[in-house]
Each structure stands twice: as structure tokens, then as C-alpha cells.
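Undergrad: To be precise about what I am sending: the file is called start-v1.cif and holds mmCIF, C-alpha atoms and all ligand atoms.
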data_work
loop_
_atom_site.label_atom_id
_atom_site.label_comp_id
_atom_site.auth_asym_id
_atom_site.auth_seq_id
_atom_site.Cartn_x
_atom_site.Cartn_y
_atom_site.Cartn_z
CA MET A 1 -27.91 -38.12 -14.92
CA ASP A 2 -28.71 -41.81 -15.02
CA PHE A 3 -32.34 -40.99 -14.21
CA ILE A 4 -32.75 -39.75 -17.81
CA HIS A 5 -33.77 -42.67 -19.96
CA ASN A 6 -33.97 -40.90 -23.29
CA ASP A 7 -30.70 -40.22 -25.13
CA GLN A 8 -31.98 -37.18 -26.95
CA LEU A 9 -33.32 -35.64 -23.73
CA LEU A 10 -29.99 -36.29 -22.01
CA ILE A 11 -28.08 -34.67 -24.87
CA LEU A 12 -30.47 -31.71 -24.83
CA ILE A 13 -29.80 -31.17 -21.13
CA GLN A 14 -26.05 -31.36 -21.74
CA ILE A 15 -26.21 -28.97 -24.69
CA GLN A 16 -28.19 -26.52 -22.61
CA GLU A 17 -25.63 -26.75 -19.78
CA LYS A 18 -22.94 -25.77 -22.28
CA ASP A 19 -25.08 -22.99 -23.72
CA VAL A 20 -25.83 -21.57 -20.27
CA SER A 21 -22.09 -21.59 -19.44
CA ILE A 22 -21.28 -20.02 -22.81
CA ALA A 23 -23.84 -17.26 -22.21
CA GLU A 24 -22.39 -16.59 -18.73
CA ILE A 25 -18.86 -16.31 -20.12
CA VAL A 26 -19.95 -14.01 -22.94
CA GLU A 27 -21.70 -11.82 -20.34
CA LYS A 28 -18.55 -11.72 -18.17
CA GLN A 29 -16.40 -10.80 -21.16
CA LYS A 30 -18.77 -7.96 -22.00
CA ASN A 31 -18.06 -6.33 -18.64
CA LEU A 32 -14.27 -6.45 -18.92
CA PRO A 33 -13.77 -3.49 -21.30
CA GLU A 34 -15.88 -1.40 -18.90
CA ILE A 35 -13.56 -2.31 -16.01
CA ILE A 36 -10.52 -1.20 -18.04
CA LYS A 37 -12.33 2.00 -19.02
CA SER A 38 -13.06 2.96 -15.41
CA LEU A 39 -9.47 2.21 -14.37
CA ARG A 40 -8.26 4.35 -17.28
CA ALA A 41 -10.56 7.18 -16.19
CA SER A 42 -8.96 7.22 -12.74
CA LEU A 43 -5.48 7.40 -14.29
CA ASP A 44 -6.61 10.15 -16.68
CA LYS A 45 -7.84 12.16 -13.70
CA SER A 46 -4.52 11.95 -11.84
CA GLN A 47 -2.63 12.85 -15.04
CA GLN A 48 -4.84 15.91 -15.46
CA ASP A 49 -4.17 16.89 -11.83
CA LEU A 50 -0.43 16.61 -12.46
CA ALA A 51 -0.67 18.70 -15.65
CA GLU A 52 -2.54 21.38 -13.70
CA ALA A 53 0.00 21.34 -10.83
CA THR A 54 2.84 21.62 -13.38
CA ARG A 55 1.15 24.53 -15.12
CA VAL A 56 0.70 26.45 -11.84
CA TYR A 57 4.34 25.75 -10.88
CA ASP A 58 5.64 26.87 -14.31
CA ASP A 59 3.57 30.07 -14.11
CA ALA A 60 5.10 30.84 -10.71
CA ILE A 61 8.61 30.29 -12.13
CA LYS A 62 7.83 32.76 -14.95
CA GLU A 63 6.56 35.26 -12.38
CA ARG A 64 9.78 34.87 -10.35
CA LYS A 65 11.88 35.52 -13.48
CA THR A 66 9.86 38.66 -14.24
CA PHE A 67 10.31 39.93 -10.66
CA GLU A 68 14.06 39.18 -10.73
CA SER A 69 14.51 41.00 -14.01
CA THR A 70 12.55 44.00 -12.70
CA LEU A 71 14.73 43.90 -9.56
CA LYS A 72 17.87 44.07 -11.71
CA ASP A 73 16.47 47.07 -13.61
CA THR A 74 15.62 48.77 -10.33
CA GLU A 75 19.13 48.19 -8.97
CA ALA A 76 20.59 49.57 -12.20
CA ARG A 77 18.40 52.67 -11.88
CA ILE A 78 19.60 53.21 -8.28
CA THR A 79 23.27 52.80 -9.30
CA LYS A 80 22.80 55.28 -12.14
CA LEU A 81 21.17 57.84 -9.83
CA LYS A 82 23.92 57.42 -7.23
CA GLU A 83 26.53 58.05 -9.91
CA LYS A 84 24.95 61.46 -10.44
CA ILE A 85 25.57 62.55 -6.82
CA PRO A 86 29.11 63.95 -7.35
CA GLU A 87 27.90 66.08 -10.26
CA ILE A 88 25.23 67.83 -8.17
CA LYS A 89 25.64 71.54 -7.68
CA THR A 90 22.78 72.70 -5.43
CA ASN A 91 21.28 71.54 -2.19
CA LYS A 92 17.86 71.46 -3.80
CA GLU A 93 19.01 69.17 -6.59
CA TYR A 94 20.70 66.98 -4.01
CA HIS A 95 17.49 66.55 -1.95
CA ALA A 96 15.46 65.89 -5.08
CA LEU A 97 17.89 63.18 -6.13
CA LEU A 98 17.94 61.60 -2.65
CA LYS A 99 14.14 61.55 -2.66
CA GLU A 100 14.13 59.82 -6.04
CA ILE A 101 16.68 57.25 -4.82
CA THR A 102 14.63 56.58 -1.67
CA THR A 103 11.47 56.01 -3.74
CA ILE A 104 13.22 53.51 -6.02
CA GLU A 105 14.88 51.80 -3.06
CA GLN A 106 11.41 51.35 -1.58
CA GLU A 107 10.31 49.78 -4.90
CA LYS A 108 13.35 47.52 -4.70
CA SER A 109 12.56 46.48 -1.15
CA ASP A 110 8.92 45.77 -2.10
CA LEU A 111 10.11 43.59 -4.98
CA GLU A 112 12.51 41.68 -2.74
CA GLU A 113 9.65 41.04 -0.34
CA LYS A 114 7.46 39.78 -3.19
CA ILE A 115 10.25 37.50 -4.42
CA LEU A 116 10.68 36.02 -0.93
CA ILE A 117 6.95 35.26 -0.69
CA LEU A 118 7.01 33.79 -4.19
CA LEU A 119 10.01 31.58 -3.34
CA GLU A 120 8.09 30.15 -0.40
CA LYS A 121 5.08 29.57 -2.66
CA LEU A 122 7.34 27.89 -5.23
CA ASP A 123 8.58 25.44 -2.59
CA GLU A 124 4.98 24.52 -1.76
CA LEU A 125 4.03 24.18 -5.43
CA LYS A 126 7.05 21.98 -6.04
CA VAL A 127 6.04 19.66 -3.19
CA LYS A 128 2.49 19.53 -4.57
CA ARG A 129 3.73 18.72 -8.06
CA THR A 130 5.98 15.95 -6.71
CA GLU A 131 3.02 14.50 -4.81
CA LYS A 132 0.92 14.50 -7.99
CA GLU A 133 3.78 12.86 -9.88
CA GLN A 134 3.84 10.14 -7.26
CA VAL A 135 0.09 9.60 -7.57
CA VAL A 136 0.39 9.30 -11.36
CA LYS A 137 3.22 6.78 -11.01
CA GLU A 138 1.19 4.67 -8.59
CA ASP A 139 -1.96 4.93 -10.71
CA GLU A 140 -0.01 3.94 -13.81
CA LYS A 141 1.43 0.97 -11.99
CA SER A 142 -1.94 -0.21 -10.67
CA PHE A 143 -3.60 0.45 -14.03
CA MET A 144 -1.05 -1.74 -15.82
CA LYS A 145 -1.38 -4.41 -13.16
CA GLU A 146 -5.18 -4.42 -13.24
CA LYS A 147 -5.23 -4.29 -17.03
CA GLU A 148 -2.97 -7.31 -17.13
CA ILE A 149 -5.30 -9.19 -14.76
CA VAL A 150 -8.36 -8.24 -16.81
CA GLU A 151 -6.67 -9.28 -20.05
CA LYS A 152 -5.62 -12.54 -18.48
CA ASP A 153 -9.23 -13.11 -17.34
CA TYR A 154 -10.44 -12.34 -20.84
CA ASN A 155 -8.03 -14.85 -22.38
CA GLN A 156 -8.92 -17.48 -19.79
CA LEU A 157 -12.60 -16.98 -20.57
CA ASN A 158 -11.78 -17.33 -24.27
CA GLU A 159 -10.09 -20.65 -23.59
CA MET A 160 -13.12 -21.81 -21.60
CA LEU A 161 -15.38 -20.70 -24.45
CA LYS A 162 -13.34 -22.69 -26.96
CA ASP A 163 -13.53 -25.79 -24.73
CA LEU A 164 -17.28 -25.43 -24.28
CA GLU A 165 -17.86 -24.88 -27.99
CA SER A 166 -15.81 -27.91 -28.90
CA HIS A 167 -17.59 -30.12 -26.34
CA LYS A 168 -20.90 -28.80 -27.54
CA SER A 169 -20.17 -29.48 -31.20
CA GLY A 170 -19.19 -33.02 -30.19
CA ILE A 171 -22.60 -33.70 -28.65
CA VAL A 172 -24.64 -31.63 -31.11
CA MET A 173 -23.66 -34.15 -33.80
CA GLN A 174 -25.54 -36.86 -31.92
CA MET A 175 -28.67 -34.76 -31.87
CA ASP A 176 -31.78 -35.27 -33.96
CA SER A 177 -31.73 -32.26 -36.28
CA LYS A 178 -35.43 -31.48 -35.96
CA LEU A 179 -35.26 -31.57 -32.17
CA LEU A 180 -32.08 -29.46 -32.24
CA ALA A 181 -33.83 -26.84 -34.37
CA GLU A 182 -36.72 -26.85 -31.89
CA TYR A 183 -34.28 -26.48 -29.00
CA ASN A 184 -32.53 -23.53 -30.70
CA ARG A 185 -35.86 -21.87 -31.38
CA LEU A 186 -36.89 -22.32 -27.73
CA MET A 187 -33.51 -21.03 -26.48
CA THR A 188 -34.08 -17.79 -28.36
CA ALA A 189 -37.75 -17.48 -27.51
CA LYS A 190 -37.40 -18.45 -23.84
CA LYS A 191 -34.37 -16.30 -23.06
CA GLY A 192 -31.77 -19.01 -22.65
CA LEU A 193 -33.73 -21.83 -21.02
CA ALA A 194 -35.34 -24.40 -23.33
CA VAL A 195 -35.17 -27.50 -21.12
CA VAL A 196 -36.35 -27.27 -17.51
CA SER A 197 -36.91 -29.71 -14.72
CA VAL A 198 -40.16 -30.37 -12.98
CA GLN A 199 -40.35 -30.10 -9.25
CA GLY A 200 -43.34 -30.61 -7.01
CA GLU A 201 -45.46 -31.11 -10.14
CA HIS A 202 -44.57 -27.62 -11.34
CA CYS A 203 -42.72 -26.59 -14.47
CA LEU A 204 -39.63 -24.68 -13.28
CA GLY A 205 -39.78 -22.56 -16.43
CA CYS A 206 -43.23 -21.04 -15.98
CA HIS A 207 -44.25 -22.45 -12.55
CA MET A 208 -47.51 -23.81 -13.90
CA ARG A 209 -48.88 -26.95 -12.29
CA ILE A 210 -48.57 -29.99 -14.52
CA PRO A 211 -51.60 -32.28 -14.92
CA PRO A 212 -51.08 -35.55 -12.98
CA GLN A 213 -51.16 -37.75 -16.10
CA VAL A 214 -48.52 -35.67 -17.86
CA PHE A 215 -46.48 -35.54 -14.65
CA SER A 216 -46.37 -39.31 -14.34
CA GLU A 217 -45.13 -39.48 -17.95
CA ILE A 218 -42.48 -36.85 -17.29
CA LYS A 219 -41.30 -38.75 -14.20
CA LYS A 220 -40.29 -41.64 -16.40
CA ASN A 221 -37.85 -39.39 -18.32
CA GLU A 222 -38.37 -41.52 -21.39
CA LYS A 223 -39.91 -39.09 -23.87
CA ILE A 224 -39.63 -35.53 -25.05
CA ILE A 225 -42.56 -33.80 -23.38
CA TYR A 226 -43.37 -30.11 -23.71
CA CYS A 227 -44.88 -27.91 -21.02
CA LEU A 228 -48.48 -27.25 -22.01
CA ASN A 229 -48.14 -23.67 -20.90
CA CYS A 230 -44.65 -22.37 -21.80
CA LYS A 231 -43.78 -25.09 -24.39
CA ARG A 232 -40.39 -25.77 -22.85
CA ILE A 233 -39.06 -29.34 -22.84
CA LEU A 234 -39.53 -30.96 -19.45
CA TYR A 235 -37.69 -33.59 -17.46
CA TRP A 236 -37.97 -34.87 -13.95
CA GLN A 237 -35.11 -34.52 -11.55
CA PRO A 238 -35.28 -36.60 -8.38
CA GLN A 239 -34.77 -34.53 -5.24
CA ASN A 240 -31.29 -34.42 -3.70
CA VAL A 241 -29.73 -35.37 -7.00
CA VAL A 242 -27.39 -32.85 -8.45
CA SER A 243 -27.21 -33.02 -12.22
ZN ZN A 301 -43.76 -24.30 -18.39
#
Please go through the file and, once you have read it, give me the structure as C-alpha cells.

TA:
Amino acid sequence: MDFIHNDQLLILIQIQEKDVSIAEIVEKQKNLPEIIKSLRASLDKSQQDLAEATRVYDDAIKERKTFESTLKDTEARITKLKEKIPEIKTNKEYHALLKEITTIEQEKSDLEEKILILLEKLDELKVKRTEKEQVVKEDEKSFMKEKEIVEKDYNQLNEMLKDLESHKSGIVMQMDSKLLAEYNRLMTAKKGLAVVSVQGEHCLGCHMRIPPQVFSEIKKNEKIIYCLNCKRILYWQPQNVVS
């Protein structure tokens, strides 16, 4: 920046560089909690899926227990009826009892069929639940990993902020207080850009053409000159020179 021949202007440009970087970092930090939130939402979803799969599986287990207990009752009823056979006196009673046994045996066979179907369903539900468990484990792992990265980023940005602030306070001390107040006012009013360069006789802040006399003054980079239109502080940057 040896084309700037005014100390205060040079310091202003440097302060603004710091302020622009500070604003960028603050903006980046703002987005980080959102990233964690969306990662958390994805984990929440897979945990809900697992809870649902577990609930369906547990319900099926309860249903199996109910069927098995009914099956036991049915078997007990059949045994009891069969025990009555030797006590039967008439043919009619005998046929009636056989008919009753056959009906309950049919019930028993239906139950056994239902239990078989349910056992197959249970196998499938168990596989599904295991799959969901796996997804949760993976999501937890990637959530923790991503969270760690984001937190590391956040801390790194904090370190950068501290560095920038300390460099800035070092140069702010060399600043004329009135000009610094003007700069701060402009920074707020002009949305983060108080000092702008002039290129092709145009203010890069508002793109207005600068009168030739003013432009030749700006080119010297010796004084604090304000844009007549947007009131920003102007300096001239030779082409192909990176500040
Ligand atoms: Zn302007």
C-alpha cells in the first residue's frame, strides 16, 4: 500500500480490512448453530423411527404371548373333555362330546396357524428394528463427528476474531479520534464499507462519476476526500496492484 501517502488514510484502510474480516467471521459463526440443529434433526428422525419399530415389535411380542396363553387354555379344555370320555354312558352323549372336542381342536389349529404367521412377522420386525438401530448408531456417530468439526470451526473463528480485534486495537490507537468517529458512523450508515477505492473515475461505493478535479486530488492519495454523492472516504488504487 505504498501508493497511499496519508498515514490516516492508510490506517483507515487497514482498520476497514480488519472490520470486514471481523464481520465475515461473525456471519460464519452465526450459521454454525443452524448446521448443528439440522444435523440434530436428522438424528432425531432416525431415533423416532427406531422407537416406532421397537413399539411395533413389542406389540407383536405381546400378541404372541396372548395367543400362546389362549393356546394353553384351549389344550387344557381339550384334555378335560377327553377325560370325560370314559364316564360317558350313551352314544348320543359320546357324539356330542366328540363334536365339542372337534370344534375346540379346530380352534386350537387356527391358533397354531396364527402363531406361525406371527412368528414369521416377528422375525421381519426384528430385522427391521435391528436395521433402525444400525441407522441410529451411524447417525449418532456422524452427528458427534460433525458437531466436533463445527465446534472446532467455531473455536478457530474465535481465535481469528481475537487476533483481528487485537491487531485492530493496535492500529486504532494511531487514529485521529474525530476521523475514527466519522469512520465508525460511515461503517454503520454504509453497511460495512466506509472507505472505497476509485476506479475509472468512479466511486466503487456508489458508482457515481467523480469530477476530474476531485479525481486528480484523489489520485495523489494525500488527503482524506469524501465522495460527493455517498460521502464515503475515497482513495485511488493503481490497477494491477493488490492491496
Ligand atoms: Zn460514492

Undergrad: I need the residue nearest Glu107 (chain A) from this list: A:Glu75, A:Glu148, A:Glu159, A:Asp44. Use only C-alpha atoms for the distance.

TA: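 Using only C-alpha atoms, Glu107 (chain A) sits closest to A:Glu75.
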
Undergrad: If you measure from CA of Cys203 (chain A) to CA of Ile218 (chain A), what distance in Å do you get, rounded to one decimal?

TA: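 Separation between CA of Cys203 (chain A) and CA of Ile218 (chain A): 10.6 Å.
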
Undergrad: Have a look at CA of Ile224 (chain A) and CA of His167 (chain A) and let me know their distance in Å, one decimal.

TA: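 Computed distance, CA of Ile224 (chain A) to CA of His167 (chain A), equals 22.7 Å.
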
Undergrad: Using all atoms listed in the file, which residues have at least one atom no more than 6 Å from ligand ZN 301 (chain A)? Output them as a ChimeraX atom specification.

TA: /A:203,205-206,208,227,229-230,232

Undergrad: Which residue, A:Pro238, A:Ser166, A:Lys72, A:Leu122, has the smallest gap to Glu201 (chain A) when you use all atoms listed in the file?

TA: A:Pro238

Undergrad: Using CA of Gly192 (chain A) and CA of Lys37 (chain A) as the two end points, give the distance in Å to one decimal.

TA: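 For CA of Gly192 (chain A) relative to CA of Lys37 (chain A), the distance reads 28.9 Å.
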
Undergrad: From the set A:Lys162, A:Lys145, A:His5, A:Lys231, which residue has the shortest atom-to-atom contact distance to Arg185 (chain A), counting only C-alpha atoms?

TA: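 Checking each of A:Lys162, A:Lys145, A:His5, A:Lys231 against Arg185 (chain A), counting only C-alpha atoms, the winner is A:Lys231.
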
Undergrad: With a distance cut-off of 12 Å and all atoms listed in the file, select the neighbouring residues of Leu98 (chain A), excluding the residue or stretch itself and same-chain residues fewer than 6 positions from it, and output the selection as a list in words.

TA: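 Once the nearby chain positions are removed, what remains is Ile78, Leu81, Lys82, Glu83, Lys84, Ile85, Ile88, Asn91, Lys92, Ile104 and Glu105 of chain A.
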